[in-house]
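Reading through the structure tokens given below for one structure.
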There are 4 protein chains.
Amino acid sequence: MTLRSRTFAILETSQKDDKATLVDDALLTGLILVNVVAVVLETVPGWAARYGTVFNAIEWVSGPAFTLEYGLRLWACQEDPRYARPVAGRLCCALRPLLLVDLLAILPFWLPMLIPLDLRILRALRLIRLLRLFKMARYVESLHTIGTVIRSRREELLITLSAIGILLLVASTLMFYAENAAQPEAFSSIPKAMWWGVTTLTTVGYGDLYPITPLGRFMGAIIAILGVGLFALPAGLLASGFSEALQNRRPSACCPHCGKELA
Amino acid sequence: MTLRSRTFAILETSQKDDKATLVDDALLTGLILVNVVAVVLETVPGWAARYGTVFNAIEWVSGPAFTLEYGLRLWACQEDPRYARPVAGRLCCALRPLLLVDLLAILPFWLPMLIPLDLRILRALRLIRLLRLFKMARYVESLHTIGTVIRSRREELLITLSAIGILLLVASTLMFYAENAAQPEAFSSIPKAMWWGVTTLTTVGYGDLYPITPLGRFMGAIIAILGVGLFALPAGLLASGFSEALQNRRPSACCPHCGKELA
Amino acid sequence: MTLRSRTFAILETSQKDDKATLVDDALLTGLILVNVVAVVLETVPGWAARYGTVFNAIEWVSGPAFTLEYGLRLWACQEDPRYARPVAGRLCCALRPLLLVDLLAILPFWLPMLIPLDLRILRALRLIRLLRLFKMARYVESLHTIGTVIRSRREELLITLSAIGILLLVASTLMFYAENAAQPEAFSSIPKAMWWGVTTLTTVGYGDLYPITPLGRFMGAIIAILGVGLFALPAGLLASGFSEALQNRRPSACCPHCGKELA
Amino acid sequence: MTLRSRTFAILETSQKDDKATLVDDALLTGLILVNVVAVVLETVPGWAARYGTVFNAIEWVSGPAFTLEYGLRLWACQEDPRYARPVAGRLCCALRPLLLVDLLAILPFWLPMLIPLDLRILRALRLIRLLRLFKMARYVESLHTIGTVIRSRREELLITLSAIGILLLVASTLMFYAENAAQPEAFSSIPKAMWWGVTTLTTVGYGDLYPITPLGRFMGAIIAILGVGLFALPAGLLASGFSEALQNRRPSACCPHCGKELA
């Protein structure tokens, strides 16, 4: 086994009985989590200055580490029969979504050293560091599951979402015409009334916009009672798809007659 | 095949392998969407003036286009065996809900040219343009599905809605008597307390009305914990009916014994 | 058939093919609804004075009508084998819940004529008139269904409600200790923190009470994400019991193997 | 039967036909509930002073009673074959979670008598008295059920909770960048934007934080419509697990072919 095939095995596969793979997965997952927490906490006013050395240290460890990981992945990808050709294969490999995420994740470290950038772009670059979170996609099973579920209910979700859109539009238009005269600031336009519609029909109800006229309240009550059910449909579809997906994964011992699991 | 039967095929049927039908569907759907977006955005303060030429252009394209579509539908409907008689058939056809929507959708374009109208009615006419959205009913499958679901659960929905009405009335009356003395403005009458009831039991909770007395809060807590379940019933019924309706449409390969889908 | 047995048939049974029963049901249902609407609207400030004659007229029709109905029910109940004895049977009959509701429903009409009452008690009596709503229990099927469902899930509901109570208590105590120092007014005691708990865990969220300290917000986030599921359990139990109850009523043609309904 | 084995039977087992066990369970459950209510009500401003004698009386009864219960449990535990050895067995027994809770529950009574404590620690000790609630764990079945359900859906809950965490992080970061400029106070950092995320995606919606820019509202609407379904998944999983757990406990007479319960 060559060094390259070993590197490929460690980085790209996840065999439970290979210790090096497990250590590598744990290290990278840990580093990603530390990075995400750092990016989040850095935005707390005052913390960037107070804990600047900690945040810098994390960046000076993570930048080279992720760069090394990216390089190794690119070097080892030739082991994959699909990317066997030395140059064209590596280019193909580098254009895969996860590798692009890896590249974007290291840019905020290298770019300011290569090109002089103004402060605005620097701040935006720090945002890009949060893309490191998506490097987790390799390790977190839930993202695959959610993706599978959404695909399996694609059609149903599209139908409910279009119905939601139509209900939202009709409800907001009615509310706009009912409340515009009484609250010209709050219900100033249909798009703003749609904000009311979303906060009401998802039952969030911030309380920044609500009807105050008797007609508006009457319509709002009817819309809320009837419409809340429609907005809950995507949630229900996701839930049933999710439990179906998880059911399929379990080793099931089903009664051949009734399809129920045997104890 | 005559020109009229071809027109009928293009407008009224939706065969996947007929290119003209597809182009016609796409054009009309697009025009409807552009119209809806225009009506919505026109209400944003200042935009009617600033982008007036754009909105006018859309109207001057859509008005004649929808009128042409309406005329062609009326002319071609004789192909349908139910409306075969030249005059009576066309009249019957014109009274179908979707054709009436088509007629209402072009009125805001033609009416101001035919009769002098004051500003208030003109504004209301602009609202009617939103009815063009319902022309989508021909193309959006979700509206048919939702309608089917509501019909299939008609009885259950009526039962739950009447129970919801009774709970709402009882809860609001109790709250009115508990809070009226402490908040004579907020809980001024039972109808206003019912507005509290709807916002609470749908869990929207804007925060414009809430109990402040210990008794009112105690009752509000009990009502919320017990009543939220009742108000969620229509949503649950719709969800189960919806998933049943979608299940039926799929070509299913079921195990003949357990009724479960085979992989 | 005697007059009494005919009266009994009209009032107490609901045969679809008996016209007198249908007319009687419709009349009484209508009168009850008119009464309920009147009681509700009378509380709107100013309406009691402005539409006083209408409200009085409704009362002067409803009072005698409901009294007549009560008297007829009491007179005819002897037809029921269980209440056959002239005096003791009628007394037993009069103590049934629905007959007690009927009695309470006519008290607000007769009591002020018999005894001089002060204004406070008079106002409370008007509240009692809303009990006329429960006379509907005879006609509205949904109330029976809801009652059946609650009984069928009694045990599960008790278990979830006790778990909800414990979670509410623990969450509110933690929040009280986290927020009391920062908001001594808002989170002044554990009972008040429990009001926060109810509005949060039912996802109503009025916005009158919410944590503002970082610790309180962190705990509030965890409590909300985990606890919302627990508070949704009674709703889910009711929904499943409800759909089960309705399924049982339908004439079902099930596949004998899989238990699925045949088309 | 020795006195010790009788004590063991009364305290640790719950046989329905043993009167002493039932009386003991009722007394202890009652005392625990009285204690919990007392701890809760004591926090209401002014009540600690006004009803001080009542609260003290409850404490002077509960402290010794729970101490006696603890002592008896420790003395009788030797009857359990697992803890048969006189000293080591009792020590093992004392380290069981429920016995530790019992010990913690009596500490607030004895500690102030043994050691001089300052006021802050005394106040914290009063909090610990609420742990007496968890003594209920012996008697309340629902806590066992909830525990079983959470264990049975452990894997699914972890997957959904990690997906919820990722969605929350991404949504909050986007909202922070959209709203920070317009509301530097409200959306001052990503952690604070995460508080917005939790209150929105659980649909609580207090109204202390909400987007006000058009971009923020547009993103907030999309996030709310799509994300609410994801946050409802743990609730759905708990509900299905719960109904499964309760189904299993019932003595079921199932059709051997379809698995449906027979009437």
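All residue names refer to the structure tokens as shown: chains lettered A, B, ... in order, residues numbered from 1 in each chain, ligands numbered from 1 in order.
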
Closest atom pairs, residues of chain D within 7 Å of chain C, only C-alpha atoms, as CSV:
residue,atom,partner,partner_atom,distance
D:Val40,CA,C:Ile190,CA,5.5
D:Thr43,CA,C:Ser189,CA,4.8
D:Val44,CA,C:Ser189,CA,4.7
D:Pro45,CA,C:Ser189,CA,6.8
D:Ser142,CA,C:Ile159,CA,4.9
D:Leu143,CA,C:Ala163,CA,6.5
D:Trp195,CA,C:Arg217,CA,6.9
D:Val198,CA,C:Ala221,CA,6.0
D:Thr202,CA,C:Ile225,CA,6.6
D:Thr203,CA,C:Thr203,CA,5.8
D:Val204,CA,C:Thr203,CA,4.1
D:Gly205,CA,C:Gly205,CA,5.5
D:Tyr206,CA,C:Gly207,CA,4.0
D:Gly207,CA,C:Gly207,CA,5.7
D:Asp208,CA,C:Gly207,CA,6.9
D:Pro234,CA,C:Gly229,CA,6.2
D:Ala235,CA,C:Gly229,CA,3.5
D:Leu238,CA,C:Gly229,CA,6.7
D:Ala239,CA,C:Leu233,CA,5.6
D:His257,CA,C:His257,CA,5.4
D:Cys258,CA,C:Cys258,CA,4.6
D:Lys260,CA,C:Gly259,CA,6.8

Taking the DSSP assignment computed from this structure's backbone, write out as a PyMOL selection string all residues of stretch 54-216 of chain B that belong to helix (DSSP H, G or I).
-> chain B and resi 54-79+81-83+86-94+97-114+119-138+141-152+154-179+190-201+214-216

Can you tell me how far atom CA of D:Ser62 sits from atom CA of D:Ile121, in Å to one decimal?
-> 20.4 Å

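Here atom CA of A:Phe134 stands at a distance of 7.1 Å from atom CA of A:Val101.
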
Distance in Å - atom CA of C:Gly52 versus atom CA of C:Arg129 = 16.3 Å

May I ask which of the residues D:Asn35, D:Thr2, D:Thr67, D:Thr29 is the closest one to D:Leu130, counting only C-alpha atoms?
->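 Checking each of D:Asn35, D:Thr2, D:Thr67, D:Thr29 against D:Leu130, counting only C-alpha atoms, the winner is D:Asn35.
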
Quick one: everything within 10 Å of A:Glu42, counting only C-alpha atoms, minus sequence neighbours fewer than 3 positions away in the same chain. Send it as a list in words.
->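 The filter keeps Val36, Val37, Ala38, Val39, Pro45, Gly46, Trp47, Ala48, Ala49, Arg50, Tyr51, Gly52, Phe55 and Arg126 of chain A; Ser189, Ile190 and Pro191 of chain D.
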
Just C-alpha atoms for this one: save the residues we selected as a PDB file, in the first residue's frame.
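File written: part-v5.pdb
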ATOM      1  CA  VAL A  36     -17.361  27.868  13.964  1.00  0.00           C
ATOM      2  CA  VAL A  37     -17.581  28.789  17.645  1.00  0.00           C
ATOM      3  CA  ALA A  38     -14.738  31.277  17.140  1.00  0.00           C
ATOM      4  CA  VAL A  39     -16.417  32.949  14.139  1.00  0.00           C
ATOM      5  CA  PRO A  45     -19.076  43.382  20.654  1.00  0.00           C
ATOM      6  CA  GLY A  46     -15.766  43.764  22.487  1.00  0.00           C
ATOM      7  CA  TRP A  47     -14.750  40.112  22.322  1.00  0.00           C
ATOM      8  CA  ALA A  48     -12.772  40.500  19.080  1.00  0.00           C
ATOM      9  CA  ALA A  49     -10.500  42.949  20.912  1.00  0.00           C
ATOM     10  CA  ARG A  50     -10.451  41.242  24.312  1.00  0.00           C
ATOM     11  CA  TYR A  51      -9.824  37.687  23.113  1.00  0.00           C
ATOM     12  CA  GLY A  52      -8.035  38.717  19.904  1.00  0.00           C
ATOM     13  CA  PHE A  55      -9.056  34.075  17.822  1.00  0.00           C
ATOM     14  CA  ARG A 126     -14.552  36.512   7.773  1.00  0.00           C
TER      15      ARG A 126
ATOM     16  CA  SER D 189     -23.753  39.640  17.419  1.00  0.00           C
ATOM     17  CA  ILE D 190     -24.345  36.163  16.001  1.00  0.00           C
ATOM     18  CA  PRO D 191     -25.197  34.725  19.442  1.00  0.00           C
TER      19      PRO D 191
END

For C:Arg132, work out the shell of residues within 9 Å, counting only C-alpha atoms and skipping chain neighbours fewer than 4 positions away, then give it as an MDAnalysis selection string.
-> chainID C and resid 32:33 35:36 101:102 104:106 128 136

How would the residues just picked look written out with N, CA, C and O atoms as a PDB file, in the first residue's frame?
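Below is the file result.pdb, written as the result:
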ATOM      1  N   ILE C  32     -81.107  29.170  19.910  1.00  0.00           N
ATOM      2  CA  ILE C  32     -79.914  29.134  20.766  1.00  0.00           C
ATOM      3  C   ILE C  32     -78.820  29.992  20.168  1.00  0.00           C
ATOM      4  O   ILE C  32     -78.185  30.806  20.856  1.00  0.00           O
ATOM      5  N   LEU C  33     -78.589  29.839  18.853  1.00  0.00           N
ATOM      6  CA  LEU C  33     -77.530  30.611  18.195  1.00  0.00           C
ATOM      7  C   LEU C  33     -77.801  32.106  18.289  1.00  0.00           C
ATOM      8  O   LEU C  33     -76.902  32.894  18.597  1.00  0.00           O
ATOM      9  N   ASN C  35     -79.473  33.613  20.568  1.00  0.00           N
ATOM     10  CA  ASN C  35     -79.221  34.002  21.949  1.00  0.00           C
ATOM     11  C   ASN C  35     -77.743  34.206  22.238  1.00  0.00           C
ATOM     12  O   ASN C  35     -77.351  35.169  22.885  1.00  0.00           O
ATOM     13  N   VAL C  36     -76.942  33.241  21.749  1.00  0.00           N
ATOM     14  CA  VAL C  36     -75.498  33.321  22.014  1.00  0.00           C
ATOM     15  C   VAL C  36     -74.927  34.572  21.366  1.00  0.00           C
ATOM     16  O   VAL C  36     -74.171  35.331  21.992  1.00  0.00           O
ATOM     17  N   VAL C 101     -78.921  22.069  32.760  1.00  0.00           N
ATOM     18  CA  VAL C 101     -78.511  23.173  31.890  1.00  0.00           C
ATOM     19  C   VAL C 101     -79.746  23.934  31.412  1.00  0.00           C
ATOM     20  O   VAL C 101     -79.775  25.179  31.411  1.00  0.00           O
ATOM     21  N   ASP C 102     -80.780  23.191  31.028  1.00  0.00           N
ATOM     22  CA  ASP C 102     -82.011  23.844  30.573  1.00  0.00           C
ATOM     23  C   ASP C 102     -82.590  24.734  31.665  1.00  0.00           C
ATOM     24  O   ASP C 102     -83.063  25.845  31.387  1.00  0.00           O
ATOM     25  N   LEU C 104     -80.938  26.095  34.281  1.00  0.00           N
ATOM     26  CA  LEU C 104     -80.047  27.246  34.485  1.00  0.00           C
ATOM     27  C   LEU C 104     -80.224  28.267  33.359  1.00  0.00           C
ATOM     28  O   LEU C 104     -80.063  29.476  33.568  1.00  0.00           O
ATOM     29  N   ALA C 105     -80.542  27.778  32.172  1.00  0.00           N
ATOM     30  CA  ALA C 105     -80.647  28.660  31.013  1.00  0.00           C
ATOM     31  C   ALA C 105     -81.876  29.560  31.091  1.00  0.00           C
ATOM     32  O   ALA C 105     -81.907  30.642  30.491  1.00  0.00           O
ATOM     33  N   ILE C 106     -82.909  29.124  31.853  1.00  0.00           N
ATOM     34  CA  ILE C 106     -84.101  29.986  31.930  1.00  0.00           C
ATOM     35  C   ILE C 106     -84.118  30.815  33.213  1.00  0.00           C
ATOM     36  O   ILE C 106     -84.870  31.771  33.319  1.00  0.00           O
ATOM     37  N   ILE C 128     -74.811  33.733  32.833  1.00  0.00           N
ATOM     38  CA  ILE C 128     -75.394  32.389  32.860  1.00  0.00           C
ATOM     39  C   ILE C 128     -76.176  32.116  31.579  1.00  0.00           C
ATOM     40  O   ILE C 128     -76.297  30.972  31.130  1.00  0.00           O
ATOM     41  N   MET C 136     -76.937  23.261  23.001  1.00  0.00           N
ATOM     42  CA  MET C 136     -76.538  22.742  21.690  1.00  0.00           C
ATOM     43  C   MET C 136     -75.998  21.321  21.785  1.00  0.00           C
ATOM     44  O   MET C 136     -75.992  20.596  20.781  1.00  0.00           O
TER      45      MET C 136
END
